[in-house]
file query.txt (compact mmCIF, C-alpha atoms and all ligand atoms)
# COMPACT_ATOMS: atom_id res chain seq x y z
CA MET A 1 0.00 0.00 0.00
CA ARG A 2 2.86 2.31 0.89
CA THR A 3 4.57 1.56 -2.44
CA LEU A 4 1.38 2.29 -4.31
CA ALA A 5 0.97 5.54 -2.43
CA PHE A 6 4.56 6.47 -3.21
CA THR A 7 4.06 5.66 -6.90
CA VAL A 8 0.93 7.78 -6.97
CA LEU A 9 2.88 10.62 -5.40
CA ILE A 10 5.71 10.39 -7.94
CA VAL A 11 3.33 10.11 -10.89
CA THR A 12 1.29 13.02 -9.60
CA PHE A 13 4.42 15.04 -9.09
CA LEU A 14 5.69 14.34 -12.60
CA THR A 15 2.37 15.07 -14.25
CA GLY A 16 1.98 18.07 -11.99
CA CYS A 17 5.19 19.66 -13.29
CA GLN A 18 4.01 21.01 -16.56
CA GLU A 19 3.80 24.09 -18.67
CA SER A 20 0.99 26.59 -18.56
CA PRO A 21 -0.88 27.27 -21.84
CA THR A 22 1.56 30.07 -22.63
CA GLY A 23 4.62 27.93 -21.88
CA ARG A 24 5.40 29.02 -18.32
CA ASN A 25 6.86 26.26 -16.11
CA ARG A 26 4.77 25.60 -13.06
CA LEU A 27 3.69 23.12 -10.45
CA ALA A 28 -0.01 22.26 -10.19
CA LEU A 29 -0.51 19.14 -8.08
CA VAL A 30 -4.13 19.17 -7.01
CA PRO A 31 -6.25 16.75 -9.06
CA ASP A 32 -8.53 18.71 -11.40
CA ALA A 33 -11.65 16.90 -10.19
CA VAL A 34 -10.94 17.94 -6.57
CA LEU A 35 -10.44 21.54 -7.59
CA ALA A 36 -13.59 21.52 -9.71
CA ASP A 37 -15.56 20.27 -6.67
CA MET A 38 -14.17 23.10 -4.57
CA GLY A 39 -15.13 25.63 -7.23
CA GLN A 40 -18.64 24.25 -7.47
CA ASP A 41 -19.14 24.25 -3.69
CA SER A 42 -17.92 27.83 -3.38
CA PHE A 43 -20.18 28.96 -6.21
CA GLU A 44 -23.28 27.34 -4.67
CA LYS A 45 -22.52 29.05 -1.38
CA MET A 46 -22.04 32.40 -3.08
CA LYS A 47 -25.38 32.08 -4.85
CA GLN A 48 -27.10 31.26 -1.57
CA GLN A 49 -25.46 34.08 0.37
CA ASN A 50 -25.62 36.89 -2.18
CA PRO A 51 -28.44 38.37 -4.25
CA VAL A 52 -28.52 37.00 -7.80
CA ILE A 53 -30.15 38.94 -10.65
CA LYS A 54 -32.81 36.94 -12.48
CA ARG A 55 -33.63 39.28 -15.37
CA PRO A 56 -33.89 37.19 -18.56
CA ASP A 57 -32.39 39.90 -20.82
CA VAL A 58 -29.35 40.33 -18.55
CA ASN A 59 -28.84 36.60 -18.19
CA ARG A 60 -29.20 36.05 -21.94
CA LEU A 61 -26.51 38.63 -22.60
CA VAL A 62 -23.89 37.19 -20.24
CA GLN A 63 -24.80 33.67 -21.33
CA CYS A 64 -24.30 34.59 -25.00
CA ILE A 65 -20.92 36.24 -24.31
CA THR A 66 -19.75 33.35 -22.13
CA GLU A 67 -20.77 30.69 -24.66
CA ALA A 68 -18.98 32.50 -27.48
CA LEU A 69 -15.83 32.84 -25.36
CA VAL A 70 -15.87 29.24 -24.14
CA SER A 71 -16.10 27.76 -27.61
CA ALA A 72 -13.34 30.08 -28.84
CA ALA A 73 -11.21 29.11 -25.83
CA GLN A 74 -11.61 25.47 -26.74
CA ALA A 75 -10.37 26.18 -30.27
CA GLU A 76 -7.56 28.44 -29.10
CA TYR A 77 -6.29 26.26 -26.23
CA PRO A 78 -7.25 22.66 -27.11
CA GLU A 79 -4.76 21.23 -24.58
CA ALA A 80 -6.13 23.16 -21.61
CA PRO A 81 -8.36 21.24 -19.17
CA MET A 82 -11.88 22.30 -20.12
CA PRO A 83 -14.68 21.99 -17.53
CA GLN A 84 -17.50 19.69 -18.67
CA SER A 85 -20.03 22.49 -18.55
CA TRP A 86 -20.08 26.17 -17.66
CA GLU A 87 -22.58 28.12 -15.60
CA VAL A 88 -22.83 31.88 -15.37
CA ALA A 89 -24.71 33.93 -12.76
CA VAL A 90 -25.12 37.70 -12.41
CA PHE A 91 -24.72 39.00 -8.85
CA ASP A 92 -26.38 42.19 -7.68
CA ASN A 93 -23.21 44.04 -6.70
CA SER A 94 -22.12 47.48 -7.85
CA THR A 95 -18.38 46.64 -7.96
CA PRO A 96 -17.39 46.21 -11.62
CA ASN A 97 -15.99 42.73 -11.26
CA ALA A 98 -16.24 39.16 -12.47
CA PHE A 99 -14.73 35.87 -11.40
CA ALA A 100 -14.53 32.31 -12.66
CA LEU A 101 -14.03 29.21 -10.55
CA PRO A 102 -12.69 25.76 -11.43
CA GLY A 103 -15.53 23.54 -12.58
CA GLY A 104 -16.68 26.21 -15.03
CA LYS A 105 -18.56 28.57 -12.73
CA ILE A 106 -18.58 32.24 -13.71
CA GLY A 107 -19.88 35.15 -11.66
CA VAL A 108 -20.48 38.58 -13.16
CA HIS A 109 -21.33 41.61 -11.01
CA SER A 110 -24.12 43.91 -12.16
CA GLY A 111 -21.61 46.79 -11.74
CA LEU A 112 -19.61 45.40 -14.63
CA LEU A 113 -22.68 45.58 -16.88
CA GLN A 114 -22.96 49.26 -15.98
CA LEU A 115 -19.30 50.01 -16.62
CA ALA A 116 -18.88 48.09 -19.88
CA GLU A 117 -19.95 50.12 -22.89
CA ASN A 118 -20.45 47.19 -25.23
CA GLN A 119 -20.32 43.42 -25.57
CA SER A 120 -16.59 43.41 -26.36
CA GLN A 121 -15.75 45.18 -23.10
CA MET A 122 -17.80 42.62 -21.18
CA ALA A 123 -16.01 39.89 -23.10
CA THR A 124 -12.65 41.36 -22.03
CA VAL A 125 -13.32 40.70 -18.36
CA ILE A 126 -15.15 37.38 -18.77
CA GLY A 127 -12.43 36.18 -21.17
CA HIS A 128 -9.76 37.10 -18.62
CA GLU A 129 -11.58 35.13 -15.92
CA ILE A 130 -12.08 32.09 -18.17
CA ALA A 131 -8.34 32.21 -18.89
CA HIS A 132 -7.56 31.96 -15.14
CA VAL A 133 -9.55 28.72 -15.09
CA LEU A 134 -8.08 27.23 -18.27
CA ALA A 135 -4.55 28.06 -17.14
CA ASP A 136 -5.31 26.31 -13.83
CA HIS A 137 -4.08 29.26 -11.76
CA GLY A 138 -6.15 28.18 -8.75
CA ASN A 139 -4.36 24.84 -8.80
CA GLU A 140 -0.93 26.47 -8.77
CA ARG A 141 -1.92 28.71 -5.90
CA LEU A 142 -3.38 25.91 -3.84
CA THR A 143 -0.30 23.78 -4.53
CA GLN A 144 1.90 26.62 -3.28
CA GLN A 145 -0.21 27.21 -0.21
CA LEU A 146 -0.33 23.59 0.79
CA GLY A 147 3.39 23.23 0.18
CA LEU A 148 4.75 19.94 1.35
CA GLN A 149 1.43 18.95 2.88
CA ALA A 150 0.12 18.57 -0.65
CA GLY A 151 2.24 15.47 -1.16
CA MET A 152 0.79 13.85 1.95
CA LEU A 153 -2.72 14.85 1.09
CA LEU A 154 -2.44 13.54 -2.43
CA VAL A 155 -1.47 10.02 -1.41
CA GLY A 156 -4.94 9.13 -0.33
CA LEU A 157 -5.57 11.59 2.44
CA PHE A 158 -6.73 14.38 0.22
CA THR A 159 -10.17 15.53 1.20
CA GLU A 160 -11.59 18.99 0.94
CA SER A 161 -12.38 19.15 4.63
CA GLU A 162 -8.69 18.93 5.44
CA ILE A 163 -8.03 22.20 3.71
CA ALA A 164 -9.20 25.35 5.43
CA GLU A 165 -11.95 27.18 3.61
CA ASP A 166 -9.94 30.38 3.44
CA GLN A 167 -7.09 28.52 1.74
CA ILE A 168 -9.51 27.25 -0.89
CA GLN A 169 -11.02 30.67 -1.39
CA GLN A 170 -7.62 32.29 -1.66
CA ALA A 171 -6.55 29.73 -4.23
CA LEU A 172 -9.69 30.33 -6.25
CA GLY A 173 -9.13 34.08 -6.16
CA ILE A 174 -12.27 34.97 -4.23
CA GLY A 175 -12.93 36.35 -0.78
CA ALA A 176 -15.45 35.13 1.78
CA GLN A 177 -17.43 38.22 0.89
CA LEU A 178 -18.50 38.74 -2.68
CA GLY A 179 -16.77 41.68 -4.29
CA ILE A 180 -13.36 40.88 -2.90
CA THR A 181 -11.02 39.48 -5.49
CA LEU A 182 -7.87 38.16 -3.92
CA PRO A 183 -4.59 38.90 -5.61
CA PHE A 184 -3.27 36.59 -8.25
CA SER A 185 0.42 36.97 -9.00
CA ARG A 186 1.54 39.30 -11.73
CA ALA A 187 2.58 36.32 -13.89
CA HIS A 188 -0.96 34.92 -13.60
CA GLU A 189 -2.56 38.25 -14.38
CA GLU A 190 -0.44 38.80 -17.47
CA GLU A 191 -1.13 35.29 -18.65
CA ALA A 192 -4.89 35.72 -18.13
CA ASP A 193 -4.83 39.09 -19.94
CA LEU A 194 -3.02 37.74 -22.97
CA MET A 195 -4.99 34.50 -23.16
CA GLY A 196 -8.18 36.49 -22.64
CA LEU A 197 -7.28 38.76 -25.55
CA ASP A 198 -6.67 35.77 -27.86
CA ILE A 199 -9.91 34.18 -26.73
CA MET A 200 -12.04 37.29 -27.23
CA ALA A 201 -10.60 37.95 -30.70
CA ARG A 202 -11.19 34.34 -31.74
CA ALA A 203 -14.79 34.65 -30.48
CA GLY A 204 -15.40 37.71 -32.67
CA PHE A 205 -15.15 40.45 -30.01
CA GLU A 206 -13.16 43.56 -30.93
CA PRO A 207 -9.74 43.29 -29.29
CA GLU A 208 -9.26 47.09 -29.13
CA GLN A 209 -12.13 47.24 -26.65
CA SER A 210 -9.96 45.50 -24.06
CA VAL A 211 -7.86 48.66 -23.84
CA ARG A 212 -10.99 50.83 -23.55
CA LEU A 213 -12.37 48.63 -20.79
CA TRP A 214 -9.25 48.95 -18.64
CA GLN A 215 -9.20 52.69 -19.27
CA ASN A 216 -12.82 52.84 -18.05
CA MET A 217 -11.91 50.74 -15.03
CA ALA A 218 -9.04 53.09 -14.23
CA LYS A 219 -11.35 56.10 -14.50
CA ALA A 220 -14.04 54.48 -12.36
CA SER A 221 -11.56 53.64 -9.64
CA GLY A 222 -11.04 57.33 -8.85
CA ALA A 223 -9.54 58.08 -5.46
CA GLN A 224 -10.73 54.85 -3.93
CA PRO A 225 -9.33 51.87 -5.82
CA LEU A 226 -11.84 49.21 -6.80
CA GLU A 227 -11.16 45.80 -5.40
CA PHE A 228 -10.66 44.40 -8.86
CA LEU A 229 -8.02 46.99 -9.66
CA SER A 230 -6.37 46.98 -6.28
CA THR A 231 -5.57 43.31 -6.59
CA HIS A 232 -4.62 43.40 -10.24
CA PRO A 233 -1.53 44.87 -11.86
CA ASN A 234 -1.11 48.58 -12.26
CA HIS A 235 -3.53 49.58 -15.00
CA ASP A 236 -0.97 51.54 -17.01
CA THR A 237 1.23 48.46 -17.23
CA ARG A 238 -1.73 46.32 -18.16
CA ILE A 239 -2.98 48.75 -20.82
CA ALA A 240 0.50 49.06 -22.35
CA SER A 241 0.92 45.31 -22.49
CA LEU A 242 -2.51 44.81 -24.09
CA LYS A 243 -1.83 47.56 -26.63
CA SER A 244 1.30 45.74 -27.75
CA GLN A 245 -0.73 42.58 -28.44
CA VAL A 246 -3.83 44.12 -29.98
CA ALA A 247 -2.55 44.07 -33.58
CA ALA A 248 -1.96 40.32 -33.48
CA ALA A 249 -5.40 39.78 -31.94
CA ARG A 250 -6.98 41.98 -34.61
CA SER A 251 -5.57 39.76 -37.37
CA VAL A 252 -7.34 36.79 -35.73
CA PHE A 253 -10.53 38.82 -35.20
CA GLU A 254 -10.67 39.62 -38.92
CA THR A 255 -10.82 35.94 -39.85
CA VAL A 256 -13.94 35.12 -37.78
CA PRO A 257 -17.58 36.27 -37.90
CA PRO A 258 -18.25 39.12 -35.44
CA ALA A 259 -19.96 38.16 -32.18
CA SER A 260 -23.52 39.35 -31.75
CA CYS A 261 -24.55 39.53 -28.10
CA GLN A 262 -25.63 43.18 -27.93
CA ILE A 263 -25.67 45.15 -24.72
ZN ZN A 301 -7.25 38.30 -12.90

call {"tool": "encode", "arguments": {"input": "query.txt", "output": "C-alpha cells", "more": "lines below"}}
Ligand SMILES: [Zn+2]
result
Amino acid sequence: MRTLAFTVLIVTFLTGCQESPTGRNRLALVPDAVLADMGQDSFEKMKQQNPVIKRPDVNRLVQCITEALVSAAQAEYPEAPMPQSWEVAVFDNSTPNAFALPGGKIGVHSGLLQLAENQSQMATVIGHEIAHVLADHGNERLTQQLGLQAGMLLVGLFTESEIAEDQIQQALGIGAQLGITLPFSRAHEEEADLMGLDIMARAGFEPEQSVRLWQNMAKASGAQPLEFLSTHPNHDTRIASLKSQVAAARSVFETVPPASCQI
C-alpha cells in the first residue's frame, strides 16, 4: 500500500510539473476533479449568500458572451483542461468585477454591466476570468499554499475538509465576501490578460475594446481603488501590455464572424 501511495505521489508530481498554456513552467498538483468540486461548492454558497439577478435579458446577454468565449477558448487552447459544462450567474453588486471558478462557474457583477460600454468590453473581463480557469491558476496557488502537505494529502488523504476554507477561497481568487477578489500573481494576471485577448478575438469580439475597458476601469476607480483593480496589476502596465498585443489579436478577429450579443 505504501509503495502504491509512493508511486501515486511520484506520478502526480511528474504530471503536476508542466507548462501553462503560454509555456510558463509551473507546479499544479491538485487533481482537477478535486479543484472543480471546490469551485462548485464555493459557487453554490455564493449564490445562496448573495443576491442574484434573475432578469432574462441580462442573463441572456452574459450567457451569450460566455458561450462564445468558451467555444473560442476550446479552439484556441485545445490542450487546456476544459470543464465539462459552464454556468454563469449575475450577482447584484455594484463593484465592476467578475470571477470564474474551477468547474466552469462564472460570476459577473451587475456593476460590470454598468461600466462596460459594449459586448466586447464585457467579453474582455469574462475572457480574462475564463483564462484563469483554463490556465489552472487556482491549482498552482493551492499547490503553493499547501506546500509539502500537498504530497501527503495527495497520497490518499486528500479531502476537501482537510483544507481550510480560506485557503480554498484564496486559491480560487475569491474572498469570503462577494466583491473581494484576492490577488493573483503578476505572472498569472499577465497570462490571463493575454490568453483572454486571444480568446475574445477568436470569439469575434473587438480586441481594441480591451484597452478601452481597462481605461474605463481606471477612471471608475477614482480616489478609492476598486477591489478588482487593487488586486490586479497597475492599469498603465496592463494597458501598455494589451496595446502591444492588440494588432496580433486583430488579425485573428478579422478571420472570424463578429460576435452578436448586444448590450
Ligand atoms: Zn485576474

call {"tool": "residues_near_ligand", "arguments": {"input": "query.txt", "ligand": "ligand ZN 301 (chain A)", "cutoff": "7 Å", "atoms": "all atoms listed in the file", "output": "list in words"}}
result
His128, Glu129, His132, Phe184, Glu189, Ala192 and His232 of chain A

call {"tool": "residues_around", "arguments": {"input": "query.txt", "residues": "Ala171 (chain A)", "least_positions_apart": "3", "cutoff": "12 Å", "atoms": "all atoms listed in the file", "output": "ChimeraX atom specification"}}
result
/A:28,30,35,38-39,42,100-102,132-133,136-146,163-168,174-175,181-185

call {"tool": "residues_around", "arguments": {"input": "query.txt", "residues": "region 113-115 of chain A", "least_positions_apart": "5", "cutoff": "10 Å", "atoms": "all atoms listed in the file", "output": "list in words"}}
result
Val58, Leu61, Val62, Val90, Ser94, Thr95, Pro96, Asn97, Val108, Gln121, Met122, Leu213, Asn216, Met217, Ala220 and Ile263 of chain A

call {"tool": "residues_around", "arguments": {"input": "query.txt", "residues": "region 207-209 of chain A", "least_positions_apart": "5", "cutoff": "8 Å", "atoms": "all atoms listed in the file", "output": "ChimeraX atom specification"}}
result
/A:120-121,124,197,200-201,243,246,249-250,253

call {"tool": "closest_residue", "arguments": {"input": "query.txt", "among": "A:Gln49, A:Gln119, A:Gln245, A:Gln63", "to": "Phe91 (chain A)", "atoms": "only C-alpha atoms"}}
result
A:Gln49

call {"tool": "closest_residue", "arguments": {"input": "query.txt", "among": "A:Ser20, A:Asp57, A:Pro78, A:Leu134", "to": "Asp32 (chain A)", "atoms": "all atoms listed in the file"}}
result
A:Leu134

call {"tool": "atom_distance", "arguments": {"input": "query.txt", "atom1": "CA of Ser241 (chain A)", "atom2": "CA of Leu194 (chain A)"}}
result
8.5 Å
